[in-house]
Each structure stands twice: as C-alpha cells, then as structure tokens.
$ cat input.cif   # mmCIF, N, CA and C atoms; chains and numbers go by the auth columns
data_upload
loop_
_atom_site.group_PDB
_atom_site.id
_atom_site.type_symbol
_atom_site.label_atom_id
_atom_site.label_comp_id
_atom_site.label_asym_id
_atom_site.label_seq_id
_atom_site.Cartn_x
_atom_site.Cartn_y
_atom_site.Cartn_z
_atom_site.B_iso_or_equiv
_atom_site.auth_seq_id
_atom_site.auth_asym_id
ATOM 1 N N CYS A 1 54.787 145.977 -7.320 0.00 1 A
ATOM 2 C CA CYS A 1 53.693 145.051 -7.118 0.00 1 A
ATOM 3 C C CYS A 1 53.423 144.865 -5.613 0.00 1 A
ATOM 4 N N LEU A 2 54.498 144.697 -4.853 0.00 2 A
ATOM 5 C CA LEU A 2 54.331 144.514 -3.412 0.00 2 A
ATOM 6 C C LEU A 2 53.830 145.789 -2.740 0.00 2 A
ATOM 7 N N MET A 3 54.291 146.939 -3.243 0.00 3 A
ATOM 8 C CA MET A 3 53.814 148.215 -2.695 0.00 3 A
ATOM 9 C C MET A 3 52.322 148.394 -2.966 0.00 3 A
ATOM 10 N N ALA A 4 51.876 147.986 -4.142 0.00 4 A
ATOM 11 C CA ALA A 4 50.450 148.069 -4.469 0.00 4 A
ATOM 12 C C ALA A 4 49.640 147.143 -3.559 0.00 4 A
ATOM 13 N N PHE A 5 50.185 145.983 -3.265 0.00 5 A
ATOM 14 C CA PHE A 5 49.535 145.040 -2.357 0.00 5 A
ATOM 15 C C PHE A 5 49.358 145.667 -0.975 0.00 5 A
ATOM 16 N N HIS A 6 50.430 146.261 -0.453 0.00 6 A
ATOM 17 C CA HIS A 6 50.355 146.886 0.867 0.00 6 A
ATOM 18 C C HIS A 6 49.437 148.110 0.856 0.00 6 A
ATOM 19 N N ALA A 7 49.456 148.870 -0.225 0.00 7 A
ATOM 20 C CA ALA A 7 48.548 150.021 -0.332 0.00 7 A
ATOM 21 C C ALA A 7 47.094 149.551 -0.341 0.00 7 A
ATOM 22 N N GLY A 8 46.824 148.464 -1.061 0.00 8 A
ATOM 23 C CA GLY A 8 45.476 147.898 -1.077 0.00 8 A
ATOM 24 C C GLY A 8 45.049 147.413 0.299 0.00 8 A
ATOM 25 N N LEU A 9 45.978 146.802 1.032 0.00 9 A
ATOM 26 C CA LEU A 9 45.662 146.361 2.390 0.00 9 A
ATOM 27 C C LEU A 9 45.368 147.544 3.306 0.00 9 A
ATOM 28 N N LEU A 10 46.132 148.616 3.151 0.00 10 A
ATOM 29 C CA LEU A 10 45.895 149.805 3.971 0.00 10 A
ATOM 30 C C LEU A 10 44.525 150.407 3.671 0.00 10 A
ATOM 31 N N LEU A 11 44.180 150.485 2.400 0.00 11 A
ATOM 32 C CA LEU A 11 42.858 150.997 2.026 0.00 11 A
ATOM 33 C C LEU A 11 41.749 150.093 2.553 0.00 11 A
ATOM 34 N N THR A 12 41.987 148.791 2.525 0.00 12 A
ATOM 35 C CA THR A 12 41.016 147.844 3.070 0.00 12 A
ATOM 36 C C THR A 12 40.861 148.042 4.573 0.00 12 A
ATOM 37 N N ALA A 13 41.974 148.244 5.262 0.00 13 A
ATOM 38 C CA ALA A 13 41.923 148.469 6.713 0.00 13 A
ATOM 39 C C ALA A 13 41.108 149.712 7.040 0.00 13 A
ATOM 40 N N VAL A 14 41.305 150.763 6.267 0.00 14 A
ATOM 41 C CA VAL A 14 40.539 151.996 6.489 0.00 14 A
ATOM 42 C C VAL A 14 39.068 151.767 6.150 0.00 14 A
ATOM 43 N N GLY A 15 38.808 151.018 5.097 0.00 15 A
ATOM 44 C CA GLY A 15 37.434 150.746 4.692 0.00 15 A
ATOM 45 C C GLY A 15 36.667 149.885 5.679 0.00 15 A
ATOM 46 N N LEU A 16 37.369 149.075 6.445 0.00 16 A
ATOM 47 C CA LEU A 16 36.721 148.180 7.409 0.00 16 A
ATOM 48 C C LEU A 16 36.542 148.805 8.786 0.00 16 A
ATOM 49 N N ARG A 17 36.789 150.093 8.910 0.00 17 A
ATOM 50 C CA ARG A 17 36.804 150.723 10.231 0.00 17 A
ATOM 51 C C ARG A 17 35.466 150.666 10.956 0.00 17 A
ATOM 52 N N ARG A 18 34.378 150.415 10.262 0.00 18 A
ATOM 53 C CA ARG A 18 33.057 150.391 10.910 0.00 18 A
ATOM 54 C C ARG A 18 32.567 148.976 11.236 0.00 18 A
ATOM 55 N N ASN A 19 33.341 147.968 10.873 0.00 19 A
ATOM 56 C CA ASN A 19 32.925 146.591 11.109 0.00 19 A
ATOM 57 C C ASN A 19 33.963 145.891 11.991 0.00 19 A
ATOM 58 N N ALA A 20 33.646 145.732 13.260 0.00 20 A
ATOM 59 C CA ALA A 20 34.601 145.190 14.229 0.00 20 A
ATOM 60 C C ALA A 20 35.002 143.751 13.915 0.00 20 A
ATOM 61 N N ASN A 21 34.054 142.925 13.482 0.00 21 A
ATOM 62 C CA ASN A 21 34.373 141.528 13.192 0.00 21 A
ATOM 63 C C ASN A 21 35.336 141.405 12.015 0.00 21 A
ATOM 64 N N LEU A 22 35.086 142.171 10.964 0.00 22 A
ATOM 65 C CA LEU A 22 35.989 142.135 9.816 0.00 22 A
ATOM 66 C C LEU A 22 37.346 142.744 10.158 0.00 22 A
ATOM 67 N N GLN A 23 37.367 143.738 11.026 0.00 23 A
ATOM 68 C CA GLN A 23 38.640 144.306 11.471 0.00 23 A
ATOM 69 C C GLN A 23 39.462 143.254 12.208 0.00 23 A
ATOM 70 N N PHE A 24 38.820 142.506 13.083 0.00 24 A
ATOM 71 C CA PHE A 24 39.520 141.456 13.823 0.00 24 A
ATOM 72 C C PHE A 24 40.069 140.403 12.866 0.00 24 A
ATOM 73 N N PHE A 25 39.260 139.987 11.907 0.00 25 A
ATOM 74 C CA PHE A 25 39.703 138.995 10.932 0.00 25 A
ATOM 75 C C PHE A 25 40.865 139.536 10.106 0.00 25 A
ATOM 76 N N PHE A 26 40.769 140.788 9.684 0.00 26 A
ATOM 77 C CA PHE A 26 41.830 141.427 8.912 0.00 26 A
ATOM 78 C C PHE A 26 43.113 141.512 9.734 0.00 26 A
ATOM 79 N N LEU A 27 42.981 141.864 11.004 0.00 27 A
ATOM 80 C CA LEU A 27 44.132 141.939 11.896 0.00 27 A
ATOM 81 C C LEU A 27 44.778 140.568 12.059 0.00 27 A
ATOM 82 N N PHE A 28 43.963 139.540 12.191 0.00 28 A
ATOM 83 C CA PHE A 28 44.471 138.174 12.278 0.00 28 A
ATOM 84 C C PHE A 28 45.257 137.803 11.022 0.00 28 A
ATOM 85 N N LEU A 29 44.740 138.140 9.849 0.00 29 A
ATOM 86 C CA LEU A 29 45.439 137.842 8.597 0.00 29 A
ATOM 87 C C LEU A 29 46.759 138.601 8.496 0.00 29 A
ATOM 88 N N ALA A 30 46.752 139.866 8.897 0.00 30 A
ATOM 89 C CA ALA A 30 47.980 140.670 8.827 0.00 30 A
ATOM 90 C C ALA A 30 49.047 140.093 9.753 0.00 30 A
ATOM 91 N N TYR A 31 48.669 139.765 10.969 0.00 31 A
ATOM 92 C CA TYR A 31 49.644 139.195 11.897 0.00 31 A
ATOM 93 C C TYR A 31 50.065 137.789 11.496 0.00 31 A
ATOM 94 N N SER A 32 49.205 137.063 10.822 0.00 32 A
ATOM 95 C CA SER A 32 49.601 135.758 10.288 0.00 32 A
ATOM 96 C C SER A 32 50.688 135.921 9.236 0.00 32 A
ATOM 97 N N GLY A 33 50.563 136.964 8.418 0.00 33 A
ATOM 98 C CA GLY A 33 51.601 137.256 7.432 0.00 33 A
ATOM 99 C C GLY A 33 52.932 137.573 8.078 0.00 33 A
ATOM 100 N N VAL A 34 52.892 138.302 9.189 0.00 34 A
ATOM 101 C CA VAL A 34 54.126 138.608 9.927 0.00 34 A
ATOM 102 C C VAL A 34 54.694 137.329 10.538 0.00 34 A
ATOM 103 N N TYR A 35 53.831 136.507 11.104 0.00 35 A
ATOM 104 C CA TYR A 35 54.270 135.252 11.716 0.00 35 A
ATOM 105 C C TYR A 35 54.926 134.328 10.692 0.00 35 A
ATOM 106 N N LEU A 36 54.390 134.297 9.487 0.00 36 A
ATOM 107 C CA LEU A 36 54.917 133.415 8.443 0.00 36 A
ATOM 108 C C LEU A 36 56.122 133.993 7.712 0.00 36 A
ATOM 109 N N ALA A 37 56.557 135.181 8.072 0.00 37 A
ATOM 110 C CA ALA A 37 57.660 135.835 7.365 0.00 37 A
ATOM 111 C C ALA A 37 58.935 135.001 7.395 0.00 37 A
ATOM 112 N N GLU A 38 59.212 134.332 8.493 0.00 38 A
ATOM 113 C CA GLU A 38 60.429 133.513 8.574 0.00 38 A
ATOM 114 C C GLU A 38 60.380 132.363 7.570 0.00 38 A
ATOM 115 N N LYS A 39 59.247 131.693 7.496 0.00 39 A
ATOM 116 C CA LYS A 39 59.106 130.589 6.540 0.00 39 A
ATOM 117 C C LYS A 39 59.148 131.100 5.100 0.00 39 A
ATOM 118 N N ILE A 40 58.530 132.247 4.863 0.00 40 A
ATOM 119 C CA ILE A 40 58.573 132.858 3.531 0.00 40 A
ATOM 120 C C ILE A 40 60.007 133.204 3.169 0.00 40 A
ATOM 121 N N ASN A 41 60.758 133.751 4.123 0.00 41 A
ATOM 122 C CA ASN A 41 62.152 134.115 3.890 0.00 41 A
ATOM 123 C C ASN A 41 62.991 132.890 3.533 0.00 41 A
ATOM 124 N N ILE A 42 62.798 131.807 4.240 0.00 42 A
ATOM 125 C CA ILE A 42 63.550 130.575 3.960 0.00 42 A
ATOM 126 C C ILE A 42 63.228 130.067 2.561 0.00 42 A
ATOM 127 N N TYR A 43 61.955 130.038 2.216 0.00 43 A
ATOM 128 C CA TYR A 43 61.556 129.573 0.885 0.00 43 A
ATOM 129 C C TYR A 43 62.142 130.459 -0.210 0.00 43 A
ATOM 130 N N LEU A 44 62.031 131.772 -0.036 0.00 44 A
ATOM 131 C CA LEU A 44 62.530 132.693 -1.056 0.00 44 A
ATOM 132 C C LEU A 44 64.050 132.676 -1.137 0.00 44 A
ATOM 133 N N ALA A 45 64.735 132.419 -0.028 0.00 45 A
ATOM 134 C CA ALA A 45 66.194 132.316 -0.051 0.00 45 A
ATOM 135 C C ALA A 45 66.642 131.111 -0.873 0.00 45 A
ATOM 136 N N GLU A 46 65.849 130.058 -0.868 0.00 46 A
ATOM 137 C CA GLU A 46 66.185 128.861 -1.641 0.00 46 A
ATOM 138 C C GLU A 46 65.830 128.997 -3.117 0.00 46 A
ATOM 139 N N HIS A 47 64.855 129.838 -3.457 0.00 47 A
ATOM 140 C CA HIS A 47 64.353 129.933 -4.834 0.00 47 A
ATOM 141 C C HIS A 47 64.510 131.321 -5.447 0.00 47 A
ATOM 142 N N TRP A 48 65.457 132.109 -4.977 0.00 48 A
ATOM 143 C CA TRP A 48 65.584 133.491 -5.430 0.00 48 A
ATOM 144 C C TRP A 48 65.940 133.604 -6.904 0.00 48 A
ATOM 145 N N LYS A 49 66.592 132.614 -7.488 0.00 49 A
ATOM 146 C CA LYS A 49 67.008 132.686 -8.899 0.00 49 A
ATOM 147 C C LYS A 49 65.819 132.717 -9.852 0.00 49 A
ATOM 148 N N ILE A 50 64.675 132.267 -9.412 0.00 50 A
ATOM 149 C CA ILE A 50 63.481 132.244 -10.258 0.00 50 A
ATOM 150 C C ILE A 50 62.964 133.657 -10.530 0.00 50 A
ATOM 151 N N PHE A 51 63.102 134.563 -9.567 0.00 51 A
ATOM 152 C CA PHE A 51 62.457 135.869 -9.688 0.00 51 A
ATOM 153 C C PHE A 51 63.382 137.065 -9.457 0.00 51 A
ATOM 154 N N ALA A 52 64.661 136.844 -9.158 0.00 52 A
ATOM 155 C CA ALA A 52 65.555 137.972 -8.875 0.00 52 A
ATOM 156 C C ALA A 52 66.941 137.723 -9.448 0.00 52 A
ATOM 157 N N SER A 53 67.711 138.792 -9.554 0.00 53 A
ATOM 158 C CA SER A 53 69.086 138.665 -10.036 0.00 53 A
ATOM 159 C C SER A 53 70.079 138.591 -8.876 0.00 53 A
ATOM 160 N N ARG A 54 69.635 138.921 -7.660 0.00 54 A
ATOM 161 C CA ARG A 54 70.457 138.833 -6.455 0.00 54 A
ATOM 162 C C ARG A 54 69.662 138.174 -5.342 0.00 54 A
ATOM 163 N N ASN A 55 70.390 137.545 -4.424 0.00 55 A
ATOM 164 C CA ASN A 55 69.737 136.949 -3.266 0.00 55 A
ATOM 165 C C ASN A 55 69.664 137.986 -2.149 0.00 55 A
ATOM 166 N N TYR A 56 68.486 138.529 -1.941 0.00 56 A
ATOM 167 C CA TYR A 56 68.276 139.535 -0.905 0.00 56 A
ATOM 168 C C TYR A 56 67.885 138.914 0.435 0.00 56 A
ATOM 169 N N PHE A 57 67.643 137.637 0.459 0.00 57 A
ATOM 170 C CA PHE A 57 67.048 136.986 1.621 0.00 57 A
ATOM 171 C C PHE A 57 68.124 136.368 2.507 0.00 57 A
ATOM 172 N N ASP A 58 68.601 137.148 3.480 0.00 58 A
ATOM 173 C CA ASP A 58 69.649 136.695 4.383 0.00 58 A
ATOM 174 C C ASP A 58 69.060 135.886 5.536 0.00 58 A
ATOM 175 N N ARG A 59 69.947 135.274 6.318 0.00 59 A
ATOM 176 C CA ARG A 59 69.500 134.441 7.436 0.00 59 A
ATOM 177 C C ARG A 59 68.791 135.245 8.521 0.00 59 A
ATOM 178 N N ALA A 60 69.212 136.486 8.713 0.00 60 A
ATOM 179 C CA ALA A 60 68.600 137.320 9.755 0.00 60 A
ATOM 180 C C ALA A 60 67.207 137.802 9.356 0.00 60 A
ATOM 181 N N GLY A 61 66.896 137.789 8.068 0.00 61 A
ATOM 182 C CA GLY A 61 65.575 138.186 7.611 0.00 61 A
ATOM 183 C C GLY A 61 65.346 139.681 7.569 0.00 61 A
ATOM 184 N N VAL A 62 66.416 140.451 7.403 0.00 62 A
ATOM 185 C CA VAL A 62 66.281 141.911 7.394 0.00 62 A
ATOM 186 C C VAL A 62 65.439 142.370 6.211 0.00 62 A
ATOM 187 N N PHE A 63 65.718 141.850 5.031 0.00 63 A
ATOM 188 C CA PHE A 63 64.997 142.283 3.834 0.00 63 A
ATOM 189 C C PHE A 63 63.509 141.972 3.937 0.00 63 A
ATOM 190 N N ILE A 64 63.176 140.766 4.327 0.00 64 A
ATOM 191 C CA ILE A 64 61.762 140.383 4.420 0.00 64 A
ATOM 192 C C ILE A 64 61.067 141.181 5.529 0.00 64 A
ATOM 193 N N SER A 65 61.806 141.523 6.575 0.00 65 A
ATOM 194 C CA SER A 65 61.224 142.331 7.646 0.00 65 A
ATOM 195 C C SER A 65 60.892 143.736 7.172 0.00 65 A
ATOM 196 N N VAL A 66 61.774 144.299 6.364 0.00 66 A
ATOM 197 C CA VAL A 66 61.563 145.669 5.896 0.00 66 A
ATOM 198 C C VAL A 66 60.466 145.740 4.843 0.00 66 A
ATOM 199 N N VAL A 67 60.484 144.838 3.872 0.00 67 A
ATOM 200 C CA VAL A 67 59.541 144.957 2.752 0.00 67 A
ATOM 201 C C VAL A 67 58.236 144.187 2.967 0.00 67 A
ATOM 202 N N TRP A 68 58.190 143.254 3.896 0.00 68 A
ATOM 203 C CA TRP A 68 56.972 142.470 4.113 0.00 68 A
ATOM 204 C C TRP A 68 56.376 142.720 5.502 0.00 68 A
ATOM 205 N N SER A 69 57.144 142.429 6.540 0.00 69 A
ATOM 206 C CA SER A 69 56.607 142.509 7.898 0.00 69 A
ATOM 207 C C SER A 69 56.392 143.937 8.372 0.00 69 A
ATOM 208 N N GLY A 70 57.304 144.825 8.047 0.00 70 A
ATOM 209 C CA GLY A 70 57.177 146.219 8.478 0.00 70 A
ATOM 210 C C GLY A 70 55.870 146.856 8.051 0.00 70 A
ATOM 211 N N PRO A 71 55.546 146.813 6.757 0.00 71 A
ATOM 212 C CA PRO A 71 54.263 147.379 6.326 0.00 71 A
ATOM 213 C C PRO A 71 53.051 146.674 6.942 0.00 71 A
ATOM 214 N N LEU A 72 53.141 145.362 7.143 0.00 72 A
ATOM 215 C CA LEU A 72 52.013 144.649 7.756 0.00 72 A
ATOM 216 C C LEU A 72 51.809 145.075 9.206 0.00 72 A
ATOM 217 N N VAL A 73 52.896 145.284 9.925 0.00 73 A
ATOM 218 C CA VAL A 73 52.776 145.755 11.309 0.00 73 A
ATOM 219 C C VAL A 73 52.194 147.166 11.329 0.00 73 A
ATOM 220 N N PHE A 74 52.643 148.027 10.418 0.00 74 A
ATOM 221 C CA PHE A 74 52.100 149.385 10.331 0.00 74 A
ATOM 222 C C PHE A 74 50.599 149.348 10.044 0.00 74 A
ATOM 223 N N ILE A 75 50.194 148.526 9.101 0.00 75 A
ATOM 224 C CA ILE A 75 48.775 148.403 8.759 0.00 75 A
ATOM 225 C C ILE A 75 47.984 147.863 9.951 0.00 75 A
ATOM 226 N N SER A 76 48.580 146.946 10.698 0.00 76 A
ATOM 227 C CA SER A 76 47.918 146.417 11.893 0.00 76 A
ATOM 228 C C SER A 76 47.741 147.493 12.951 0.00 76 A
ATOM 229 N N ILE A 77 48.743 148.341 13.108 0.00 77 A
ATOM 230 C CA ILE A 77 48.633 149.444 14.067 0.00 77 A
ATOM 231 C C ILE A 77 47.526 150.400 13.642 0.00 77 A
ATOM 232 N N VAL A 78 47.459 150.704 12.355 0.00 78 A
ATOM 233 C CA VAL A 78 46.391 151.568 11.840 0.00 78 A
ATOM 234 C C VAL A 78 45.032 150.933 12.115 0.00 78 A
ATOM 235 N N THR A 79 44.921 149.634 11.917 0.00 79 A
ATOM 236 C CA THR A 79 43.661 148.928 12.162 0.00 79 A
ATOM 237 C C THR A 79 43.251 149.028 13.630 0.00 79 A
ATOM 238 N N VAL A 80 44.201 148.847 14.531 0.00 80 A
ATOM 239 C CA VAL A 80 43.897 148.933 15.964 0.00 80 A
ATOM 240 C C VAL A 80 43.485 150.355 16.343 0.00 80 A
ATOM 241 N N VAL A 81 44.205 151.343 15.826 0.00 81 A
ATOM 242 C CA VAL A 81 43.858 152.739 16.124 0.00 81 A
ATOM 243 C C VAL A 81 42.457 153.061 15.613 0.00 81 A
ATOM 244 N N LEU A 82 42.140 152.620 14.399 0.00 82 A
ATOM 245 C CA LEU A 82 40.803 152.872 13.850 0.00 82 A
ATOM 246 C C LEU A 82 39.724 152.150 14.651 0.00 82 A
ATOM 247 N N ALA A 83 40.050 150.980 15.192 0.00 83 A
ATOM 248 C CA ALA A 83 39.075 150.248 16.001 0.00 83 A
ATOM 249 C C ALA A 83 38.796 150.972 17.315 0.00 83 A
ATOM 250 N N LEU A 84 39.785 151.689 17.810 0.00 84 A
ATOM 251 C CA LEU A 84 39.620 152.385 19.086 0.00 84 A
ATOM 252 C C LEU A 84 38.932 153.734 18.949 0.00 84 A
ATOM 253 N N LEU A 85 38.849 154.247 17.737 0.00 85 A
ATOM 254 C CA LEU A 85 38.209 155.556 17.532 0.00 85 A
ATOM 255 C C LEU A 85 36.700 155.451 17.554 0.00 85 A
#
$ encode --input "input.cif" --output "structure tokens"
Amino acid sequence: CLMAFHAGLLLTAVGLRRNANLQFFFLFLAYSGVYLAEKINIYLAEHWKIFASRNYFDRAGVFISVVWSGPLVFISIVTVVLALL
C-alpha cells in the first residue's frame, strides 16, 4: 500500500513537470512529509499493536526514514531535476 502511494506520488511529480506552481506546491508537500516523519514515528511507535505484529519504529527512526522519508526525498529530487529541465 505504501509502495503504491509512493509510486503514485512519483507519477504525479512527472505529470506536473510543465506546471512550475504545482511543482513547488508538490515539493512543499513532499518535504512536509519528511519534516513530519519524526512525529509520525513517535505516534506509530506508541500505536504499533493496532496495525503490526512487531514494533518497527525505533527511537532513531531508521525504519520510518527508509520506508517513508527516503522515497519522499527521492521524489523531491526528481521534481527538482524535472523543474530544471
């Protein structure tokens, strides 16, 4: 489900390559997701029993960085590169 979300965001980033204002807004949303990753990690660490069988959300935030922030940063880089072309 999360992979489909990130794939959809990547397709959206590519689709917005001709509209600078929407690219900026999209970039702002992507970086907001990265900024909120720490708060998301804390919330999910407290409520992991609702949706998982193991607690993957450590204090350092490695899991959330790999599965949430990493793809968002990659998509943001793609957005910036497309804006410069």
$ residues_around --input "input.cif" --residues "Asp58 (chain A)" --least-positions-apart "6" --cutoff "8 Å" --atoms "only N, CA and C atoms" --output "PyMOL selection string"
chain A and resi 41-42+44-45+64
$ closest_residue --input "input.cif" --among "A:Val62, A:Val80, A:Leu85, A:Leu2" --to "Leu27 (chain A)" --atoms "only N, CA and C atoms"
A:Val80
$ residues_around --input "input.cif" --residues "Arg18 (chain A)" --least-positions-apart "4" --cutoff "8 Å" --atoms "only N, CA and C atoms" --output "NGL selection string"
:A and (13-14 or 22-23 or 82-83)
$ atom_distance --input "input.cif" --atom1 "atom N of Tyr56 (chain A)" --atom2 "atom N of Phe28 (chain A)"
28.3 Å
$ closest_residue --input "input.cif" --among "A:Val73, A:Val78, A:Ala7, A:Ile50" --to "Leu29 (chain A)" --atoms "only C-alpha atoms"
A:Val73
